[in-house]
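Peer 1: One structure is given below, represented as structure tokens, and several questions about it will come after.
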There are 2 protein chains.
Amino acid sequence: MVRYYWEDLQPGSVRELGSVTPTADEIRAFAAQFDPQPFHLDEQAGRQSVFGGLCASGWHTCAMAMRLTVDNFLRESSSMGSPGLEKLSWLHPVFPGDRLTLRHTILESRPLRSKPELGLVRSSWEMSNQHGDKVLHMEGYGMFRRRQPA
Amino acid sequence: MVRYYWEDLQPGSVRELGSVTPTADEIRAFAAQFDPQPFHLDEQAGRQSVFGGLCASGWHTCAMAMRLTVDNFLRESSSMGSPGLEKLSWLHPVFPGDRLTLRHTILESRPLRSKPELGLVRSSWEMSNQHGDKVLHMEGYGMFRRRQPA
């Protein structure tokens, strides 16, 4: 079921990875488990914070971006995980009911010398809300199996 | 209940932020919701992958590190969120039953010119497993209210 091997992931290519709309319950549930700060748990605490309202944990925003990336790209690829990111910016709060749209751009690509069956791809992810505000920007790496090992 | 304002967060200070041990069920539950790749969902798919076994989503590892940071540091601080990270490295797979220990080091501190009531702190987080392997390294920023606004 693999459509995209490393060789198919060309620098400059842009993919729209769909959208997600978190509810207040989802925001509070994630926060209760992983980031129980008042402005992620409680509407009034959110209003009194710099954010101006109940807002999603930044890690929840990243996790939602990951789900869109898996569903709309990695699922059909030869992805073998990621060594990490070199940039992760939370640019604007994510509020309940926001419609978050994700765009993925391939920036660079190179073989992995240490593993001839894999290649490395550097990408950026930009997530925006329904008002056009960028809420998340990430740049980082993914490893993919090659169609033809070196 | 605030013990740590921006002024109290001095470069060079190191905090041990406790430990967490994810179960296979927790790893699969996070993956099912946010990162449904085979090696995060299924033991056999994990064994056949570069990771060598069922392993946690990198975002799950970050979320567990966040929970330790909130419980053992931010909860007693004047934290007002984070604009982002400049580094996020997933260095080693996280397997079910791994005991993950987190260390936080404050690297730099400066006032925020745009918001006189806040200061910015740059920190690193290092998470290691029970064998001493580093599994996660992050460097990034946090905003904290000041004891005395500028």
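Just remember, in the structure tokens the first chain shown is A, the second B, etc., residues are 1-based per chain, and ligands are 1-based in the order shown.
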Using only C-alpha atoms, determine which residues lie at most 12 Å from region 148-150 of chain A, disregarding the query and same-chain residues fewer than 3 positions distant; provide the list as a VMD selection string.

Peer 2: chain A and resid 5 to 8 110 to 119 144 to 145

Peer 1: Taking only C-alpha atoms into account, what are the residues of chain A at most 8 Å from chain B, put as a ChimeraX atom specification?

Peer 2: /A:33-37,49-50,59,62-64,66-67,70,75,80,82-91

Peer 1: Next, write the just-selected residues to a file, as a JSON list (two decimals), in the first residue's frame, keeping N, CA and C atoms as the atom set.

Peer 2:
[["chain", "number", "residue", "atom", "x", "y", "z"],
["A", 33, "GLN", "N", -4.75, 15.16, 31.00],
["A", 33, "GLN", "CA", -3.80, 14.04, 30.98],
["A", 33, "GLN", "C", -2.35, 14.51, 30.89],
["A", 34, "PHE", "N", -2.09, 15.55, 30.12],
["A", 34, "PHE", "CA", -0.69, 15.85, 29.79],
["A", 34, "PHE", "C", -0.22, 17.27, 30.10],
["A", 35, "ASP", "N", -1.14, 18.22, 30.27],
["A", 35, "ASP", "CA", -0.69, 19.61, 30.42],
["A", 35, "ASP", "C", -1.69, 20.38, 31.28],
["A", 36, "PRO", "N", -1.82, 19.96, 32.56],
["A", 36, "PRO", "CA", -2.89, 20.53, 33.39],
["A", 36, "PRO", "C", -2.56, 21.93, 33.93],
["A", 37, "GLN", "N", -2.40, 22.88, 33.03],
["A", 37, "GLN", "CA", -2.25, 24.28, 33.42],
["A", 37, "GLN", "C", -3.64, 24.92, 33.34],
["A", 49, "SER", "N", -5.94, 34.83, 31.51],
["A", 49, "SER", "CA", -4.55, 34.62, 31.11],
["A", 49, "SER", "C", -4.20, 35.52, 29.92],
["A", 50, "VAL", "N", -2.93, 35.49, 29.51],
["A", 50, "VAL", "CA", -2.51, 36.22, 28.30],
["A", 50, "VAL", "C", -3.22, 35.73, 27.05],
["A", 59, "TRP", "N", 1.10, 21.03, 22.91],
["A", 59, "TRP", "CA", 1.36, 19.63, 22.56],
["A", 59, "TRP", "C", 0.14, 18.98, 21.94],
["A", 62, "CYS", "N", 0.24, 20.07, 18.35],
["A", 62, "CYS", "CA", 1.20, 19.23, 17.61],
["A", 62, "CYS", "C", 0.61, 17.85, 17.34],
["A", 63, "ALA", "N", -0.06, 17.27, 18.34],
["A", 63, "ALA", "CA", -0.62, 15.93, 18.18],
["A", 63, "ALA", "C", -1.72, 15.92, 17.12],
["A", 64, "MET", "N", -2.54, 16.99, 17.07],
["A", 64, "MET", "CA", -3.57, 17.08, 16.02],
["A", 64, "MET", "C", -2.91, 17.20, 14.65],
["A", 66, "MET", "N", -0.05, 15.98, 13.85],
["A", 66, "MET", "CA", 0.49, 14.65, 13.53],
["A", 66, "MET", "C", -0.60, 13.75, 12.98],
["A", 67, "ARG", "N", -1.79, 13.79, 13.59],
["A", 67, "ARG", "CA", -2.86, 12.93, 13.11],
["A", 67, "ARG", "C", -3.23, 13.25, 11.66],
["A", 70, "VAL", "N", -0.47, 11.82, 9.45],
["A", 70, "VAL", "CA", -0.57, 10.37, 9.26],
["A", 70, "VAL", "C", -1.72, 10.04, 8.31],
["A", 75, "ARG", "N", 0.39, 7.62, 5.96],
["A", 75, "ARG", "CA", -0.27, 6.33, 5.83],
["A", 75, "ARG", "C", 0.02, 5.67, 4.47],
["A", 80, "MET", "N", 9.46, 5.90, 8.23],
["A", 80, "MET", "CA", 10.08, 5.12, 9.29],
["A", 80, "MET", "C", 10.42, 6.00, 10.48],
["A", 82, "SER", "N", 10.88, 9.77, 12.77],
["A", 82, "SER", "CA", 11.56, 11.06, 12.70],
["A", 82, "SER", "C", 12.61, 11.17, 13.78],
["A", 83, "PRO", "N", 13.80, 11.72, 13.43],
["A", 83, "PRO", "CA", 14.78, 11.99, 14.48],
["A", 83, "PRO", "C", 14.50, 13.27, 15.26],
["A", 84, "GLY", "N", 13.63, 14.14, 14.72],
["A", 84, "GLY", "CA", 13.30, 15.34, 15.49],
["A", 84, "GLY", "C", 13.01, 16.54, 14.62],
["A", 85, "LEU", "N", 12.87, 17.68, 15.31],
["A", 85, "LEU", "CA", 12.54, 18.95, 14.67],
["A", 85, "LEU", "C", 13.64, 19.96, 14.98],
["A", 86, "GLU", "N", 13.79, 20.94, 14.08],
["A", 86, "GLU", "CA", 14.75, 22.01, 14.40],
["A", 86, "GLU", "C", 14.02, 23.32, 14.69],
["A", 87, "LYS", "N", 12.69, 23.26, 14.62],
["A", 87, "LYS", "CA", 11.91, 24.46, 14.91],
["A", 87, "LYS", "C", 10.50, 24.04, 15.26],
["A", 88, "LEU", "N", 9.94, 24.66, 16.30],
["A", 88, "LEU", "CA", 8.55, 24.41, 16.66],
["A", 88, "LEU", "C", 8.04, 25.70, 17.29],
["A", 89, "SER", "N", 7.14, 26.39, 16.57],
["A", 89, "SER", "CA", 6.64, 27.68, 17.07],
["A", 89, "SER", "C", 5.14, 27.61, 17.26],
["A", 90, "TRP", "N", 4.70, 27.95, 18.48],
["A", 90, "TRP", "CA", 3.28, 28.11, 18.77],
["A", 90, "TRP", "C", 2.98, 29.59, 18.62],
["A", 91, "LEU", "N", 2.31, 29.95, 17.52],
["A", 91, "LEU", "CA", 2.25, 31.35, 17.12],
["A", 91, "LEU", "C", 1.00, 32.07, 17.58]]

Peer 1: Within 8 Å of Arg3 (chain B), counting only C-alpha atoms, which residues qualify if same-chain residues fewer than 3 places away don't, as a ChimeraX atom specification?

Peer 2: /B:76-78

Peer 1: Enumerate the residues of chain A with a DSSP assignment of strand (DSSP E or B), computed from the backbone, and present them as number ranges by chain.

Peer 2: A: 4, 14-20, 77, 79, 84-90, 100-111, 118-128, 134-145

Peer 1: So, with only C-alpha atoms as the atoms that count, which of B:Val14, B:Ala45, B:Ala56, B:Ile27 lies closest to Val94 (chain B)?

Peer 2: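 Of all the options, B:Ala56 lies closest to Val94 (chain B).
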
Peer 1: Can you tell me, as a list in words, what residues are no more than 8 Å from His104 (chain B) when counting only C-alpha atoms, ignoring any on the same chain fewer than 5 positions away?

Peer 2: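 So, after excluding close chain neighbours, the residues are Val14, Arg15, Glu16, Leu17, Ser123, Ser124, Trp125 and Glu126 of chain B.
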
Peer 1: Since we have the selection now, will you write its residues out, keeping C-alpha atoms, as a CSV table (one decimal), in the first residue's frame?

Peer 2:
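Written output follows (result21.csv):
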chain,number,residue,atom,x,y,z
B,14,VAL,CA,19.0,22.3,37.3
B,15,ARG,CA,15.8,20.5,38.4
B,16,GLU,CA,15.0,16.8,38.5
B,17,LEU,CA,11.4,16.6,37.4
B,123,SER,CA,15.6,25.9,29.0
B,124,SER,CA,16.7,22.4,28.1
B,125,TRP,CA,14.9,19.2,28.9
B,126,GLU,CA,16.6,15.8,28.8

Peer 1: Measure the distance from CA of Leu100 (chain A) to CA of Val20 (chain A) in Å and round it to one decimal.

Peer 2: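 CA of Leu100 (chain A) sits 5.3 Å away from CA of Val20 (chain A).
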
Peer 1: Contacts of Gly52 (chain B) at 10 Å or less, counting only C-alpha atoms, minus same-chain residues fewer than 6 places along, as a list in words?

Peer 2: Phe39, Glu43, Gln44, Ala45, Gly46, Pro93 and Phe95 of chain B

Peer 1: Got a sec: who's within 6 Å of region 9-13 of chain B, counting only C-alpha atoms, leaving out chain neighbours fewer than 5 positions off, as a tab-separated table (two decimals) with C-alpha atoms, in the first residue's frame?

Peer 2:
chain	number	residue	atom	x	y	z
B	105	THR	CA	18.13	23.08	33.07
B	106	ILE	CA	17.68	26.83	32.77
B	107	LEU	CA	20.03	28.12	30.06
B	108	GLU	CA	19.23	31.83	29.71

Peer 1: So, counting only C-alpha atoms, which residue among A:Ser19, A:Thr61, A:Ala29, A:Met143 is closest to Gln130 (chain A)?

Peer 2: A:Ser19

Peer 1: Which polymer residues have any atom within 7 Å of an atom of Pro22 (chain B), counting only C-alpha atoms, with same-chain residues fewer than 2 positions away left out, as a ChimeraX atom specification?

Peer 2: /B:20,24,26-27,96-98

Peer 1: Mind checking DSSP for region 33-103 of chain A and telling me the helix (DSSP H, G or I) residues as an MDAnalysis selection string?

Peer 2: chainID A and resid 33:34 38:41 43:48 58:72 74:76
